[in-house]
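**Q** Take a look at this one; I'll ask things after.
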Amino acid sequence: MTAIDLPPSLLATLPGSSYTDPAIFAREQAKIFEADWFCAVRSADLAGPGAFETVQIGKESVLVSRGRDGKLNAFLNVCRHRGARLCTSETGTVKRAFQCPYHAWTYGLDGKLIAAPNLTGMPDVDRTEFGLTRLHLREWLGYAWVCLADEPPSFEETVIGAVTERLGGPAEIDAYGIDGLALGKRIEYDVKANWKQIIENFMECYHCATIHPELTEVLPEFADGYAAQYYVGHGAEFGGDIKGFTVDGSEGVDRLPGVTEAQDRKYYAITIKPGVFVNLVPDHVILHRMFPLAPDRTLVRCDWLYLPEVVESGRDLSRSVELFHRVNLQDFEACERCQLAMDSRSYARGGVLVPSEHHIGAFHDWVRARLA
């Protein structure tokens, strides 16, 4: 059956090869992940000068570090001499500079070349020009967003625009004060599935009644199959006897002070392409960052964020963490189950989207347009 043969209630998906073909994945790395704004690092994880973290963006290793001026910088993690990997640790702190372990070319925290064996004998070497390759960086929502493109797309139109499109305006997310929240819990998931599987799953709730018993208990409307993202500005309401966004519906922690009455007792979900999920509830925020590593493997870092005083007090956060941790495990198992069939002849031309999933078609159109 082709897309032309489908009844009006069904839309065609991407073909199975879109989730398995290494050549397609390489194009996605170049045309999507290395071209768009990528949520790389939580700013607070790099507390002082010299603190750094390395992340994989597309096929590039990226070094994000805090300079002496207190600002964050992003560079390609490549020595300009012979191309050696500069930092091999995922996280760490240097005192004054980054030194290549191969030939000891040394770079300041601002990326400038400051020392190398016999460098004084090469007065024609411009220390800025031969410094580390600097990347564009913006801080928003308490995270460092990096773009590898020479001319990055508008941050306001793409990243902030995704929030505006979903919630109806940027002020709606400002109410949660995300950049002032503290990390209560972080869990990493190594998912054996293509990154698009994970995005598609997060965007729809046709599966919620089947695999999310705890979530549909807290958000009863999800059992009807329509995700909150299906409607602009819509927040899914808590059940009548539900006290908080917790695994057992019990009371949560202190409500975020900026949350309005209209936002109280509601859950909002936002997808910021290509790989960020923001989940808003009255007392905390859950943010997913995706790092596609292979056609069939994606690392997902999930942060649970609360008021600093709540985290510092040692309050028990386990019930609120456990709810979405279970949701994550349930979702990722489903994604892995789908990934197993992506190279089947039965899925060579793809599958179909039912009416409650039609908004995923816009995501597929976006992917096709970026790879065209």
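How things are named: the first chain in the structure tokens is A, the next is B, and so on; residues count from 1 in each chain; ligands count from 1 in the order shown.
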Tyr268 in chain A: which residues within 10 Å, counting only C-alpha atoms, same-chain residues fewer than 5 positions away excluded, as a ChimeraX atom specification?

**A** /A:166-167,173,227-229,233-237,263,278-282,285

**Q** I want to know what sits within 8 Å of Leu305 in chain A, based on only C-alpha atoms, with residues of the same chain fewer than 4 positions away left out; could you give that as a PyMOL selection string?

**A** chain A and resi 178+181-185+284-287

**Q** Can those selected residues be exported to a file as a PDB file, in the first residue's frame so that it contains N, CA and C atoms?

**A**
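Listed below is the output, out_1.pdb:
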ATOM      1  N   ILE A 178      12.963  28.371  35.036  1.00  0.00           N
ATOM      2  CA  ILE A 178      13.789  27.164  34.907  1.00  0.00           C
ATOM      3  C   ILE A 178      15.276  27.444  35.130  1.00  0.00           C
ATOM      4  N   LEU A 181      16.345  27.012  38.736  1.00  0.00           N
ATOM      5  CA  LEU A 181      16.088  25.759  39.440  1.00  0.00           C
ATOM      6  C   LEU A 181      17.372  24.974  39.666  1.00  0.00           C
ATOM      7  N   ALA A 182      17.296  24.011  40.579  1.00  0.00           N
ATOM      8  CA  ALA A 182      18.456  23.176  40.916  1.00  0.00           C
ATOM      9  C   ALA A 182      18.199  21.734  40.480  1.00  0.00           C
ATOM     10  N   LEU A 183      19.282  21.028  40.207  1.00  0.00           N
ATOM     11  CA  LEU A 183      19.190  19.636  39.763  1.00  0.00           C
ATOM     12  C   LEU A 183      18.903  18.737  40.959  1.00  0.00           C
ATOM     13  N   GLY A 184      17.727  18.074  40.912  1.00  0.00           N
ATOM     14  CA  GLY A 184      17.387  17.138  41.976  1.00  0.00           C
ATOM     15  C   GLY A 184      17.783  15.720  41.659  1.00  0.00           C
ATOM     16  N   LYS A 185      17.752  15.375  40.357  1.00  0.00           N
ATOM     17  CA  LYS A 185      18.095  14.020  39.929  1.00  0.00           C
ATOM     18  C   LYS A 185      18.432  14.029  38.460  1.00  0.00           C
ATOM     19  N   HIS A 284       7.917  21.094  39.579  1.00  0.00           N
ATOM     20  CA  HIS A 284       9.231  20.792  39.033  1.00  0.00           C
ATOM     21  C   HIS A 284       9.181  20.755  37.513  1.00  0.00           C
ATOM     22  N   VAL A 285      10.360  20.658  36.920  1.00  0.00           N
ATOM     23  CA  VAL A 285      10.504  20.614  35.469  1.00  0.00           C
ATOM     24  C   VAL A 285      11.386  19.422  35.130  1.00  0.00           C
ATOM     25  N   ILE A 286      11.022  18.699  34.080  1.00  0.00           N
ATOM     26  CA  ILE A 286      11.816  17.555  33.618  1.00  0.00           C
ATOM     27  C   ILE A 286      12.296  17.868  32.213  1.00  0.00           C
ATOM     28  N   LEU A 287      13.604  17.813  32.005  1.00  0.00           N
ATOM     29  CA  LEU A 287      14.171  18.152  30.700  1.00  0.00           C
ATOM     30  C   LEU A 287      15.017  16.998  30.186  1.00  0.00           C
TER      31      LEU A 287
END

**Q** What lies within 8 Å of His103 in chain A using only C-alpha atoms, ignoring chain neighbours under 3 positions off, as a ChimeraX atom specification?

**A** /A:100,116-117

**Q** Fewer than 3 positions away in the same chain doesn't count, so skip those; otherwise give me all residues within 6 Å of range 148-153 of chain A, counting only C-alpha atoms, as a list of chain:residue names.

**A**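 So, after excluding close chain neighbours, the residues are A:Glu34, A:Ala35, A:Leu135.
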
**Q** Selection from above, all heavy atoms, as a PDB file, in the first residue's frame, can you write it?

**A**
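Saved to out-v9.pdb:
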ATOM      1  N   GLU A  34      24.470  19.111  13.317  1.00  0.00           N
ATOM      2  CA  GLU A  34      25.601  20.029  13.200  1.00  0.00           C
ATOM      3  C   GLU A  34      25.185  21.365  12.593  1.00  0.00           C
ATOM      4  O   GLU A  34      26.030  22.237  12.390  1.00  0.00           O
ATOM      5  CB  GLU A  34      26.697  19.377  12.351  1.00  0.00           C
ATOM      6  CG  GLU A  34      27.313  18.142  12.999  1.00  0.00           C
ATOM      7  CD  GLU A  34      28.296  17.430  12.073  1.00  0.00           C
ATOM      8  OE1 GLU A  34      28.771  18.051  11.109  1.00  0.00           O
ATOM      9  OE2 GLU A  34      28.571  16.240  12.322  1.00  0.00           O
ATOM     10  N   ALA A  35      23.908  21.540  12.328  1.00  0.00           N
ATOM     11  CA  ALA A  35      23.425  22.780  11.721  1.00  0.00           C
ATOM     12  C   ALA A  35      22.474  23.554  12.619  1.00  0.00           C
ATOM     13  O   ALA A  35      22.308  24.764  12.446  1.00  0.00           O
ATOM     14  CB  ALA A  35      22.720  22.463  10.396  1.00  0.00           C
ATOM     15  N   LEU A 135      32.845  27.818  18.689  1.00  0.00           N
ATOM     16  CA  LEU A 135      31.491  27.562  18.235  1.00  0.00           C
ATOM     17  C   LEU A 135      30.529  28.569  18.863  1.00  0.00           C
ATOM     18  O   LEU A 135      30.821  29.164  19.898  1.00  0.00           O
ATOM     19  CB  LEU A 135      31.058  26.141  18.614  1.00  0.00           C
ATOM     20  CG  LEU A 135      31.970  25.005  18.133  1.00  0.00           C
ATOM     21  CD1 LEU A 135      31.521  23.677  18.736  1.00  0.00           C
ATOM     22  CD2 LEU A 135      31.975  24.926  16.613  1.00  0.00           C
TER      23      LEU A 135
END

**Q** Find the residues near Tyr347 in chain A: any atom within 12 Å, counting only C-alpha atoms, skip ones fewer than 5 places away on the same chain, and give them as a ChimeraX atom specification.

**A** /A:1-2,12-20,338-342,352

**Q** Using N, CA and C atoms, can you export the residues from the last selection as an mmCIF file, in the first residue's frame?

**A**
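Result written to out05.cif:
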data_model
loop_
_atom_site.group_PDB
_atom_site.id
_atom_site.type_symbol
_atom_site.label_atom_id
_atom_site.label_comp_id
_atom_site.auth_asym_id
_atom_site.auth_seq_id
_atom_site.Cartn_x
_atom_site.Cartn_y
_atom_site.Cartn_z
ATOM 1 N N MET A 1 0.846 -1.191 0.000
ATOM 2 C CA MET A 1 0.000 0.000 0.000
ATOM 3 C C MET A 1 0.881 1.241 0.000
ATOM 4 N N THR A 2 0.636 2.181 -0.853
ATOM 5 C CA THR A 2 1.384 3.429 -0.919
ATOM 6 C C THR A 2 0.592 4.523 -0.233
ATOM 7 N N ALA A 12 0.981 8.484 5.937
ATOM 8 C CA ALA A 12 2.162 7.628 5.830
ATOM 9 C C ALA A 12 3.282 8.158 6.716
ATOM 10 N N THR A 13 4.093 7.246 7.240
ATOM 11 C CA THR A 13 5.272 7.617 8.028
ATOM 12 C C THR A 13 6.502 7.647 7.128
ATOM 13 N N LEU A 14 7.632 7.910 7.723
ATOM 14 C CA LEU A 14 8.903 7.758 7.028
ATOM 15 C C LEU A 14 9.143 6.276 6.756
ATOM 16 N N PRO A 15 9.917 5.935 5.727
ATOM 17 C CA PRO A 15 10.208 4.519 5.464
ATOM 18 C C PRO A 15 11.137 3.940 6.525
ATOM 19 N N GLY A 16 11.160 2.622 6.609
ATOM 20 C CA GLY A 16 11.984 1.960 7.606
ATOM 21 C C GLY A 16 13.459 2.297 7.502
ATOM 22 N N SER A 17 13.962 2.501 6.282
ATOM 23 C CA SER A 17 15.387 2.797 6.102
ATOM 24 C C SER A 17 15.794 4.103 6.764
ATOM 25 N N SER A 18 14.839 4.986 6.985
ATOM 26 C CA SER A 18 15.131 6.261 7.634
ATOM 27 C C SER A 18 15.633 6.065 9.062
ATOM 28 N N TYR A 19 15.375 4.889 9.621
ATOM 29 C CA TYR A 19 15.749 4.611 11.007
ATOM 30 C C TYR A 19 16.952 3.666 11.122
ATOM 31 N N THR A 20 17.441 3.173 9.978
ATOM 32 C CA THR A 20 18.513 2.177 10.026
ATOM 33 C C THR A 20 19.698 2.485 9.123
ATOM 34 N N CYS A 338 10.079 -1.152 18.423
ATOM 35 C CA CYS A 338 9.859 -0.702 17.044
ATOM 36 C C CYS A 338 11.143 -0.783 16.224
ATOM 37 N N GLN A 339 12.262 -0.406 16.839
ATOM 38 C CA GLN A 339 13.533 -0.374 16.111
ATOM 39 C C GLN A 339 13.878 -1.740 15.529
ATOM 40 N N LEU A 340 13.494 -2.800 16.246
ATOM 41 C CA LEU A 340 13.798 -4.155 15.789
ATOM 42 C C LEU A 340 13.187 -4.460 14.424
ATOM 43 N N ALA A 341 12.097 -3.770 14.075
ATOM 44 C CA ALA A 341 11.387 -4.080 12.829
ATOM 45 C C ALA A 341 11.659 -3.087 11.712
ATOM 46 N N MET A 342 12.505 -2.105 11.952
ATOM 47 C CA MET A 342 12.680 -1.059 10.949
ATOM 48 C C MET A 342 13.330 -1.564 9.659
ATOM 49 N N VAL A 352 1.860 3.808 9.325
ATOM 50 C CA VAL A 352 0.820 4.830 9.198
ATOM 51 C C VAL A 352 0.635 5.570 10.521
#

**Q** Using only C-alpha atoms, which residues sit within 12 Å of range 68-70 of chain A once same-chain residues fewer than 6 positions away are excluded, as a CSV table (one decimal) with N, CA and C atoms, in the first residue's frame?

**A**
chain,number,residue,atom,x,y,z
A,43,SER,N,24.3,24.5,32.5
A,43,SER,CA,25.3,25.6,32.9
A,43,SER,C,25.8,25.4,34.3
A,44,ALA,N,25.0,25.0,35.2
A,44,ALA,CA,25.4,24.9,36.6
A,44,ALA,C,26.4,23.7,36.8
A,46,LEU,N,29.0,23.3,35.2
A,46,LEU,CA,30.4,23.9,35.1
A,46,LEU,C,30.4,25.1,36.0
A,47,ALA,N,30.8,24.9,37.2
A,47,ALA,CA,30.6,25.9,38.3
A,47,ALA,C,31.7,27.0,38.3
A,48,GLY,N,32.9,26.6,38.0
A,48,GLY,CA,34.0,27.6,38.1
A,48,GLY,C,34.9,27.6,36.9
A,49,PRO,N,35.8,28.6,36.8
A,49,PRO,CA,36.7,28.7,35.7
A,49,PRO,C,37.5,27.4,35.5
A,50,GLY,N,37.6,26.9,34.3
A,50,GLY,CA,38.4,25.7,34.0
A,50,GLY,C,37.5,24.5,34.0
A,51,ALA,N,36.3,24.5,34.6
A,51,ALA,CA,35.4,23.4,34.5
A,51,ALA,C,35.0,23.1,33.1
A,94,VAL,N,40.4,22.1,34.6
A,94,VAL,CA,41.9,22.4,34.4
A,94,VAL,C,42.1,23.7,35.2
A,95,LYS,N,43.4,23.9,35.6
A,95,LYS,CA,43.7,25.1,36.4
A,95,LYS,C,43.8,26.4,35.5
A,96,ARG,N,44.6,26.3,34.5
A,96,ARG,CA,44.8,27.5,33.7
A,96,ARG,C,44.6,27.3,32.2
A,97,ALA,N,44.8,26.1,31.7
A,97,ALA,CA,44.8,25.9,30.3
A,97,ALA,C,44.5,24.5,29.9
A,108,GLY,N,44.6,28.6,26.2
A,108,GLY,CA,43.9,29.3,27.3
A,108,GLY,C,42.5,28.9,27.4
A,109,LEU,N,41.8,29.3,28.5
A,109,LEU,CA,40.4,29.0,28.6
A,109,LEU,C,39.5,29.7,27.6
A,110,ASP,N,40.1,30.8,27.0
A,110,ASP,CA,39.4,31.5,25.9
A,110,ASP,C,39.7,30.9,24.5
A,111,GLY,N,40.5,29.7,24.5
A,111,GLY,CA,40.7,29.0,23.3
A,111,GLY,C,42.0,29.5,22.5

**Q** Within 12 Å of Pro355 in chain A, counting only C-alpha atoms, which residues show up once you throw out same-chain ones fewer than 2 positions away? Write them as a list of chain:residue names, please.

**A** A:Pro7, A:Pro8, A:Ser9, A:Leu10, A:Leu11, A:Ala12, A:Glu204, A:Cys205, A:Tyr206, A:Gly225, A:Tyr226, A:Ala227, A:Tyr230, A:Val352, A:Leu353, A:Glu357, A:His358, A:His359, A:Ile360, A:Gly361

**Q** Could you write out, as a PyMOL selection string, all the residues of range 16-143 of chain A that DSSP marks as helix (DSSP H, G or I)?

**A** chain A and resi 16-19+22-33+43-45+119-121

**Q** If I take CA of Asp331 in chain A and CA of Glu90 in chain A, how far is one from the other in Å, to one decimal?

**A**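 Between these atoms lies a distance of 26.9 Å.
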
**Q** Among the residues of range 197-363 of chain A, find those DSSP assigns to strand (DSSP E or B) from the backbone and print them as an MDAnalysis selection string.

**A** chainID A and resid 236:237 266:272 276:281 284:294 297:306 352:353
